[in-house]
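Next comes start_13.csv, a file with CSV, C-alpha atoms.
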```
chain,number,residue,atom,x,y,z
A,1,MET,CA,205.3,-9.5,137.6
A,2,LYS,CA,203.3,-7.5,135.0
A,3,ILE,CA,200.6,-5.4,136.6
A,4,VAL,CA,197.8,-7.2,134.8
A,5,GLU,CA,199.0,-10.5,136.1
A,6,GLN,CA,199.2,-9.0,139.6
A,7,ILE,CA,195.6,-7.7,139.3
A,8,LYS,CA,194.5,-11.1,138.2
A,9,GLN,CA,196.2,-13.1,140.9
A,10,PRO,CA,193.4,-13.3,143.5
A,11,ILE,CA,190.9,-14.4,140.8
A,12,ALA,CA,193.3,-16.6,138.7
A,13,PHE,CA,191.2,-19.8,139.4
A,14,GLU,CA,187.9,-18.0,138.5
A,15,MET,CA,189.4,-16.6,135.3
A,16,ASP,CA,190.6,-20.0,134.2
A,17,LEU,CA,187.2,-21.5,134.8
A,18,PHE,CA,185.5,-18.5,133.2
A,19,GLU,CA,187.5,-19.1,130.0
A,20,GLN,CA,186.0,-22.7,129.7
A,21,LYS,CA,182.5,-21.5,130.5
A,22,PHE,CA,182.8,-18.6,128.1
A,23,GLN,CA,183.9,-20.8,125.2
A,24,LEU,CA,180.9,-23.1,125.9
A,25,SER,CA,178.5,-20.2,125.9
A,26,MET,CA,179.6,-19.3,122.3
A,27,SER,CA,179.1,-22.8,120.8
A,28,SER,CA,176.7,-23.4,118.0
A,29,LYS,CA,175.6,-26.2,115.6
A,30,VAL,CA,176.8,-24.2,112.6
A,31,ALA,CA,180.5,-25.1,111.7
A,32,LEU,CA,181.1,-21.6,110.2
A,33,LEU,CA,179.9,-19.9,113.3
A,34,ASN,CA,182.2,-22.1,115.5
A,35,ARG,CA,185.2,-21.4,113.3
A,36,ILE,CA,184.6,-17.6,113.6
A,37,THR,CA,183.9,-17.6,117.3
A,38,HIS,CA,187.0,-19.7,117.8
A,39,TYR,CA,189.0,-17.1,115.9
A,40,ILE,CA,187.6,-14.3,118.1
A,41,VAL,CA,188.2,-16.2,121.4
A,42,ASN,CA,191.8,-16.9,120.5
A,43,ARG,CA,192.5,-13.2,119.9
A,44,LYS,CA,191.1,-11.9,123.1
A,45,GLY,CA,192.5,-8.8,124.9
A,46,LYS,CA,193.4,-8.5,128.6
A,47,GLN,CA,189.9,-9.4,129.6
A,48,MET,CA,189.5,-6.5,132.0
A,49,ARG,CA,185.7,-6.7,132.0
A,50,PRO,CA,185.4,-10.2,133.4
A,51,MET,CA,188.2,-9.3,135.9
A,52,PHE,CA,186.1,-6.4,137.2
A,53,VAL,CA,183.1,-8.7,137.6
A,54,PHE,CA,185.0,-11.3,139.7
A,55,LEU,CA,187.0,-8.8,141.7
A,56,VAL,CA,183.9,-6.8,142.7
A,57,ALA,CA,181.9,-9.9,143.5
A,58,LYS,CA,184.6,-11.2,145.8
A,59,MET,CA,185.3,-7.8,147.4
A,60,VAL,CA,181.6,-7.2,148.4
A,61,SER,CA,181.0,-10.8,149.6
A,62,ASN,CA,184.2,-11.7,151.4
A,63,GLY,CA,185.5,-13.9,148.6
A,64,GLU,CA,182.3,-15.5,147.4
A,65,VAL,CA,181.5,-16.2,143.8
A,66,ARG,CA,178.4,-18.0,142.4
A,67,GLU,CA,177.4,-19.6,139.2
A,68,ARG,CA,175.6,-16.3,138.5
A,69,THR,CA,178.9,-14.5,138.6
A,70,TYR,CA,180.3,-16.6,135.8
A,71,ARG,CA,177.2,-16.1,133.8
A,72,GLY,CA,177.3,-12.3,134.4
A,73,ALA,CA,181.0,-12.3,133.2
A,74,SER,CA,180.1,-14.3,130.1
A,75,VAL,CA,177.2,-12.1,129.2
A,76,ILE,CA,179.3,-9.0,129.5
A,77,GLU,CA,182.0,-10.5,127.3
A,78,LEU,CA,179.5,-11.8,124.7
A,79,ILE,CA,177.8,-8.5,124.4
A,80,HIS,CA,181.1,-6.5,124.5
A,81,THR,CA,182.5,-8.8,121.7
A,82,ALA,CA,179.3,-8.3,119.7
A,83,THR,CA,179.7,-4.5,119.9
A,84,LEU,CA,183.3,-4.7,118.8
A,85,VAL,CA,182.4,-6.9,115.8
A,86,HIS,CA,179.7,-4.4,114.8
A,87,ASP,CA,182.0,-1.4,115.4
A,88,ASP,CA,184.6,-2.8,113.0
A,89,VAL,CA,181.8,-3.0,110.3
A,90,VAL,CA,180.6,0.5,111.0
A,91,ASP,CA,184.2,1.9,111.0
A,92,ASP,CA,185.2,-0.2,108.0
A,93,SER,CA,188.2,-1.3,110.1
A,94,ASN,CA,190.3,-4.2,108.9
A,95,ARG,CA,192.3,-4.7,112.1
A,96,ARG,CA,191.4,-5.5,115.7
A,97,ARG,CA,194.2,-5.8,118.3
A,98,GLY,CA,196.8,-6.3,115.6
A,99,PHE,CA,194.8,-9.1,113.9
A,100,PHE,CA,192.4,-9.1,111.0
A,101,SER,CA,188.9,-8.1,112.0
A,102,VAL,CA,186.0,-10.5,111.4
A,103,ASN,CA,184.6,-8.3,108.6
A,104,ALA,CA,188.1,-8.2,106.9
A,105,LEU,CA,188.2,-12.0,106.8
A,106,TRP,CA,184.5,-12.9,106.3
A,107,LYS,CA,183.0,-9.7,104.9
A,108,ASN,CA,180.4,-7.4,106.4
A,109,LYS,CA,177.3,-9.5,106.1
A,110,ILE,CA,178.8,-12.4,108.1
A,111,ALA,CA,180.3,-10.0,110.6
A,112,VAL,CA,176.9,-8.3,111.3
A,113,LEU,CA,175.3,-11.7,111.7
A,114,ILE,CA,178.1,-12.9,114.1
A,115,GLY,CA,177.5,-9.7,116.2
A,116,ASP,CA,173.8,-10.5,116.3
A,117,PHE,CA,174.4,-14.1,117.2
A,118,LEU,CA,176.7,-13.1,120.1
A,119,LEU,CA,174.2,-10.6,121.3
A,120,SER,CA,171.4,-13.1,121.3
A,121,LYS,CA,173.6,-15.7,123.0
A,122,GLY,CA,174.2,-13.2,125.8
A,123,LEU,CA,170.5,-12.4,126.2
A,124,LEU,CA,169.5,-16.1,126.3
A,125,LEU,CA,172.2,-17.0,128.8
A,126,SER,CA,170.5,-14.6,131.2
A,127,ILE,CA,166.9,-15.5,130.3
A,128,ASP,CA,167.4,-19.2,130.5
A,129,ASN,CA,168.7,-18.9,134.0
A,130,ASN,CA,166.2,-16.3,135.2
A,131,ASP,CA,168.9,-13.7,135.8
A,132,PHE,CA,166.6,-10.9,134.9
A,133,ASP,CA,168.3,-8.4,137.2
A,134,LEU,CA,171.6,-9.1,135.4
A,135,LEU,CA,169.9,-8.8,132.1
A,136,LYS,CA,168.5,-5.4,133.0
A,137,ILE,CA,171.9,-4.1,133.9
A,138,ILE,CA,173.4,-5.3,130.6
A,139,SER,CA,170.4,-4.0,128.5
A,140,VAL,CA,170.7,-0.5,130.0
A,141,ALA,CA,174.4,-0.5,129.1
A,142,VAL,CA,173.7,-1.6,125.5
A,143,ARG,CA,171.1,1.2,125.1
A,144,GLU,CA,173.4,3.8,126.5
A,145,MET,CA,176.3,2.7,124.3
A,146,SER,CA,174.2,3.1,121.2
A,147,GLU,CA,172.9,6.5,122.4
A,148,GLY,CA,176.4,7.7,123.2
A,149,GLU,CA,177.7,6.8,119.7
A,150,LEU,CA,174.8,8.5,118.0
A,151,LEU,CA,175.2,11.6,120.2
A,152,GLN,CA,178.9,11.8,119.2
A,153,ILE,CA,178.0,11.5,115.5
A,154,GLU,CA,175.4,14.2,115.8
A,155,LYS,CA,177.8,16.6,117.6
A,156,ALA,CA,180.7,15.8,115.2
A,157,ARG,CA,178.6,17.3,112.4
A,158,LYS,CA,178.3,20.7,114.2
A,159,LEU,CA,181.4,20.6,116.4
A,160,ASP,CA,179.5,22.4,119.1
A,161,ILE,CA,180.5,20.2,122.0
A,162,THR,CA,180.7,21.6,125.5
A,163,GLU,CA,182.6,19.8,128.3
A,164,ASP,CA,179.4,18.6,129.8
A,165,VAL,CA,178.2,17.1,126.5
A,166,TYR,CA,181.6,15.4,126.1
A,167,TYR,CA,181.3,13.8,129.6
A,168,GLU,CA,177.8,12.6,128.7
A,169,ILE,CA,179.1,11.0,125.5
A,170,ILE,CA,182.0,9.2,127.2
A,171,ARG,CA,179.8,8.2,130.1
A,172,GLN,CA,177.4,6.5,127.7
A,173,LYS,CA,179.9,5.2,125.1
A,174,THR,CA,182.7,3.8,127.4
A,175,ALA,CA,181.9,4.2,131.1
A,176,THR,CA,178.5,2.5,131.0
A,177,LEU,CA,180.0,-0.9,130.1
A,178,ILE,CA,182.6,-0.8,132.9
A,179,ALA,CA,179.8,0.4,135.3
A,180,ALA,CA,177.7,-2.6,134.2
A,181,CYS,CA,180.7,-5.0,134.9
A,182,CYS,CA,181.0,-3.7,138.4
A,183,SER,CA,177.3,-3.6,139.3
A,184,LEU,CA,176.9,-7.1,137.7
A,185,GLY,CA,179.7,-8.4,140.0
A,186,ALA,CA,177.9,-7.0,143.1
A,187,ALA,CA,174.4,-8.1,141.9
A,188,SER,CA,175.6,-11.7,141.2
A,189,VAL,CA,176.4,-12.3,144.8
A,190,LYS,CA,174.4,-9.6,146.7
A,191,PRO,CA,171.2,-8.9,144.6
A,192,ASP,CA,169.2,-5.8,145.7
A,193,SER,CA,172.0,-4.6,148.0
A,194,LYS,CA,173.3,-1.0,148.2
A,195,ASP,CA,176.6,-2.4,146.7
A,196,VAL,CA,175.0,-2.8,143.3
A,197,GLU,CA,174.5,0.9,142.8
A,198,ALA,CA,177.8,1.9,144.6
A,199,MET,CA,179.8,-0.4,142.3
A,200,ARG,CA,177.9,0.9,139.3
A,201,LYS,CA,179.1,4.4,140.2
A,202,PHE,CA,182.6,3.1,140.9
A,203,GLY,CA,182.8,1.5,137.5
A,204,GLU,CA,181.4,4.6,135.8
A,205,LEU,CA,184.2,6.8,137.3
A,206,ILE,CA,186.9,4.3,136.2
A,207,GLY,CA,185.3,4.3,132.7
A,208,MET,CA,185.5,8.1,132.5
A,209,ALA,CA,189.2,8.1,133.5
A,210,PHE,CA,189.8,5.3,131.0
A,211,GLN,CA,188.3,7.2,128.1
A,212,ILE,CA,190.1,10.4,128.9
A,213,LYS,CA,193.4,8.4,128.9
A,214,ASP,CA,192.4,7.0,125.5
A,215,ASP,CA,191.8,10.6,124.2
A,216,LEU,CA,195.3,11.6,125.4
A,217,PHE,CA,196.9,8.9,123.3
A,218,ASP,CA,195.8,10.8,120.3
A,219,TYR,CA,198.3,13.5,121.2
A,220,GLY,CA,201.2,11.2,122.2
A,221,GLU,CA,204.3,10.0,120.6
A,222,ALA,CA,204.1,6.4,121.8
A,223,LYS,CA,203.3,3.7,119.3
A,224,ILE,CA,200.1,2.2,120.6
A,225,GLY,CA,198.5,0.7,117.6
A,226,LYS,CA,196.5,3.9,117.0
A,227,PRO,CA,198.2,6.6,115.0
A,228,THR,CA,198.2,10.1,116.6
A,229,GLY,CA,195.7,12.6,115.3
A,230,ILE,CA,193.2,10.0,114.4
A,231,ASP,CA,190.4,11.5,116.5
A,232,ILE,CA,190.9,14.9,114.7
A,233,LYS,CA,190.9,13.1,111.3
A,234,GLU,CA,187.6,11.5,112.4
A,235,GLN,CA,186.2,14.8,113.7
A,236,LYS,CA,185.9,13.4,117.2
A,237,MET,CA,185.9,16.2,119.8
A,238,THR,CA,188.0,15.1,122.8
A,239,LEU,CA,188.6,16.8,126.1
A,240,PRO,CA,192.1,18.4,125.3
A,241,LEU,CA,190.6,20.0,122.1
A,242,ILE,CA,187.3,21.0,123.7
A,243,HIS,CA,189.1,22.8,126.6
A,244,VAL,CA,191.4,24.7,124.2
A,245,LEU,CA,188.6,25.5,121.9
A,246,ASN,CA,186.4,26.9,124.7
A,247,ASN,CA,189.3,29.1,125.9
A,248,ALA,CA,190.7,30.3,122.6
A,249,GLU,CA,190.5,33.8,121.1
A,250,LYS,CA,187.8,34.2,118.4
A,251,LYS,CA,190.3,34.1,115.5
A,252,GLU,CA,192.1,31.0,116.9
A,253,LYS,CA,188.7,29.3,117.5
A,254,LYS,CA,187.7,29.9,113.9
A,255,TRP,CA,191.0,28.4,112.7
A,256,LEU,CA,190.6,25.3,115.0
A,257,ILE,CA,187.0,24.6,113.9
A,258,ASN,CA,187.9,25.1,110.2
A,259,SER,CA,190.9,22.8,110.6
A,260,VAL,CA,188.9,20.0,112.2
A,261,LYS,CA,185.9,20.5,109.8
A,262,ASN,CA,187.6,21.1,106.5
A,263,HIS,CA,191.3,20.1,106.8
A,264,ASN,CA,191.1,17.1,108.9
A,265,LYS,CA,192.7,14.9,106.3
A,266,ASP,CA,195.7,17.3,105.8
A,267,ALA,CA,198.5,15.7,107.9
A,268,LYS,CA,200.4,19.0,108.3
A,269,ARG,CA,197.3,20.8,109.5
A,270,VAL,CA,196.4,18.0,111.9
A,271,LYS,CA,200.0,18.3,113.3
A,272,GLU,CA,199.5,22.1,113.8
A,273,VAL,CA,196.2,21.5,115.7
A,274,ILE,CA,198.0,18.9,117.9
A,275,ALA,CA,200.8,21.4,118.6
A,276,PHE,CA,198.3,24.2,119.4
A,277,VAL,CA,196.4,22.0,121.8
A,278,LYS,CA,199.6,21.0,123.6
A,279,LYS,CA,200.9,24.6,123.7
A,280,ASN,CA,197.6,25.9,125.2
A,281,GLY,CA,197.4,23.4,128.1
A,282,GLY,CA,194.8,21.0,126.7
A,283,LEU,CA,196.7,17.9,127.8
A,284,GLU,CA,197.4,19.2,131.3
A,285,TYR,CA,193.8,20.0,131.8
A,286,ALA,CA,192.6,16.6,130.6
A,287,VAL,CA,195.1,14.8,132.9
A,288,THR,CA,193.8,16.8,135.9
A,289,LYS,CA,190.2,15.8,135.1
A,290,MET,CA,191.3,12.2,134.6
A,291,LYS,CA,193.0,12.1,138.0
A,292,ASP,CA,189.9,13.6,139.6
A,293,PHE,CA,187.8,10.7,138.3
A,294,GLN,CA,190.5,8.3,139.5
A,295,GLU,CA,190.6,9.8,143.0
A,296,GLU,CA,186.8,9.7,143.3
A,297,ALA,CA,186.8,6.0,142.3
A,298,LEU,CA,189.5,5.1,144.9
A,299,GLN,CA,187.5,7.0,147.6
A,300,MET,CA,184.5,4.7,146.9
A,301,LEU,CA,186.5,1.6,147.8
A,302,GLU,CA,187.3,3.0,151.3
A,303,ILE,CA,184.1,1.7,152.8
A,304,TYR,CA,185.0,-1.9,152.1
A,305,PRO,CA,187.3,-4.0,154.4
A,306,GLU,CA,190.9,-4.6,153.4
A,307,SER,CA,191.3,-7.6,151.1
A,308,GLU,CA,193.4,-8.8,148.2
A,309,TYR,CA,190.4,-8.2,145.9
A,310,LYS,CA,190.1,-4.6,147.0
A,311,ASN,CA,193.9,-4.2,146.5
A,312,SER,CA,193.6,-5.6,143.0
A,313,LEU,CA,190.7,-3.1,142.2
A,314,LYS,CA,192.9,-0.3,143.5
A,315,LEU,CA,195.7,-1.5,141.2
A,316,MET,CA,193.2,-1.6,138.3
A,317,VAL,CA,192.2,2.0,138.9
A,318,THR,CA,195.9,3.0,138.8
A,319,TYR,CA,196.5,0.8,135.7
A,320,VAL,CA,193.7,2.5,133.8
A,321,ILE,CA,195.5,5.8,133.8
A,322,ASP,CA,199.1,4.7,133.8
A,323,ARG,CA,198.8,2.2,130.9
A,324,LYS,CA,200.9,2.8,127.8
A,325,LYS,CA,198.3,1.6,125.3
```

Can the structure in the file be given as structure tokens, please?
Amino acid sequence: MKIVEQIKQPIAFEMDLFEQKFQLSMSSKVALLNRITHYIVNRKGKQMRPMFVFLVAKMVSNGEVRERTYRGASVIELIHTATLVHDDVVDDSNRRRGFFSVNALWKNKIAVLIGDFLLSKGLLLSIDNNDFDLLKIISVAVREMSEGELLQIEKARKLDITEDVYYEIIRQKTATLIAACCSLGAASVKPDSKDVEAMRKFGELIGMAFQIKDDLFDYGEAKIGKPTGIDIKEQKMTLPLIHVLNNAEKKEKKWLINSVKNHNKDAKRVKEVIAFVKKNGGLEYAVTKMKDFQEEALQMLEIYPESEYKNSLKLMVTYVIDRKK
């Protein structure tokens, strides 16, 4: 059995029901909107975010889920989908998960409006049901994701990223959404409990490990739908490069910064940077840090009684850093 199927097993019923509820939450009276949202729903990924919501909810409450849990999962998925649609416009990307992106098929104006529509649907789903605590969790995540993206853009201009700034960027950009999924799961069944903050932290740690794994793909040989060296071409400073940069001799540092700043479109030069980072221990260092985050996340689960939901979450933590794409 594939690991994702294994993770999903204890919440298979909830995930099936969630699919139906999620499609309903996207519906509109405008035919064009329905056509596009139908296109988006049919090209969904592994749905890790709703899986986090249900697994955490069931782990902290001895297997209980509520209607609020389904709404929380739908809100996360609506808002996550909205950010992906907007990201593709910002990045001028024509593909998403191997399919054409919304902006490639319907142009930027419609894509931006679709993103706005999904965002408002998510907000209204919470407001209409008085889930204000869930709405707060989501809203903080959206604010942090925007701040993280802008911080990364600001730093890419100067290339002056320290390791601490890098962690702050990935915490906001990536980890905050997974943190929101986990705290939402806990808040949906045990509002105002200590579990809400504990699970937020747990999700944040997984998100940090997840992003470092993503950064490592930039240096790999595997075909993962993302060509190697793309982060360097986009002047994104990731952990392997930051570590090597901060420990390089003055001359090498100058060459690295010059390469990323002025020669990032030169394929040969990008390859040389990748080789330099590999040779100087950048990858090993990033893997060590990623495993530290993973270990800390697993430790946080120890206070909970043994259950199939806890086992699935452990599997999820392992999957995040063992995945091939």

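Distance annotation: of A:Asp133, A:Asp128, A:Glu302, A:Glu163, the residue with the minimal separation from Val196 in chain A is A:Asp133; atom set is all atoms listed in the file.
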
- [ ] Give as a ChimeraX atom specification each residue that has an atom at most 8 Å from (192.3, 19.2, 121.4) in the file, counting only C-alpha atoms.
- [x] /A:237-245,273-274,277-278,282-283

Which residues are close to Arg66 in chain A, i.e. within 8 Å by all atoms listed in the file, leaving aside same-chain residues fewer than 4 positions away? Reply as a PDB file with C-alpha atoms, in the frame of the given file.
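Result file is around-v2.pdb:
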```pdb
ATOM      1  CA  TYR A  70     180.300 -16.600 135.800  1.00  0.00           C
ATOM      2  CA  SER A 188     175.600 -11.700 141.200  1.00  0.00           C
ATOM      3  CA  VAL A 189     176.400 -12.300 144.800  1.00  0.00           C
TER       4      VAL A 189
END
```

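When only C-alpha atoms are used to measure the gap to Ile161 in chain A, the shortest distance among A:Met26, A:Met48, A:Val317, A:Ile257 belongs to A:Ile257.
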
Neighbour list for Val112 in chain A as an mmCIF file with C-alpha atoms, in the coordinates of the input, cut-off 7 Å, all atoms listed in the file, skip fewer than 4 positions in-chain:
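Final file, part_21.cif:
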```
data_model
loop_
_atom_site.group_PDB
_atom_site.id
_atom_site.type_symbol
_atom_site.label_atom_id
_atom_site.label_comp_id
_atom_site.auth_asym_id
_atom_site.auth_seq_id
_atom_site.Cartn_x
_atom_site.Cartn_y
_atom_site.Cartn_z
ATOM 1 C CA HIS A 86 179.700 -4.400 114.800
ATOM 2 C CA ASN A 108 180.400 -7.400 106.400
ATOM 3 C CA ASP A 116 173.800 -10.500 116.300
#
```

- [ ] Find the residues around Ala297 in chain A up to 9 Å (all atoms listed in the file counted), leave out those fewer than 5 positions away in its own chain, and share them as number ranges by chain.
- [x] A: 201-206, 292, 314, 317

Task: Polymer residues at most 12 Å from Leu119 in chain A, only C-alpha atoms, same-chain spacing of 5 or more positions, as a list in words - done: Ser25, Met26, Ser74, Val75, Ile76, Glu77, Leu78, Ile79, His80, Thr81, Ala82, Thr83, Leu84, Val85, His86, Val112, Leu113, Ile114, Leu124, Leu125, Ser126, Leu135, Ile138, Ser139 and Val142 of chain A

Task: Spatial neighbours of Lys261 in chain A, max dist 12 Å, only C-alpha atoms, sep filter under 6 positions, as a list in words - done: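 Skipping anything fewer than 6 positions along the chain leaves Lys155, Ala156, Arg157, Lys158, Leu159, Asp160, Ile232, Lys233, Glu234, Gln235, Lys236, Met237, Lys254, Trp255, Arg269, Val270 and Val273 of chain A.
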
Open item on the list: Report, in Å to a single decimal, how far apart CA of Val41 in chain A and CA of Lys107 in chain A are.
Closed with: 18.5 Å

Open item on the list: Measuring between all atoms listed in the file, which one of A:Leu134, A:Val90, A:Leu105, A:Met208 shows the shortest distance to Arg35 in chain A?
Closed with: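 Looking at the shortest contact to Arg35 in chain A, the residue is A:Leu105.
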
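With distances restricted to all atoms listed in the file, A:Met51 is the closest residue to Gln6 in chain A from A:Met51, A:Ile230, A:Tyr39, A:Asn258.
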
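Between Thr162 in chain A and the candidates A:Glu5, A:Ile127, A:Asn247, A:Gly63, the tightest atom-to-atom separation, counting all atoms listed in the file, involves A:Asn247.
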
Open item on the list: Restricting the calculation to all atoms listed in the file: of A:Leu32, A:Ala286, A:Cys182, A:Met300, which residue gets closest to Tyr167 in chain A?
Closed with: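 Counting all atoms listed in the file, the residue closest to Tyr167 in chain A is A:Ala286.
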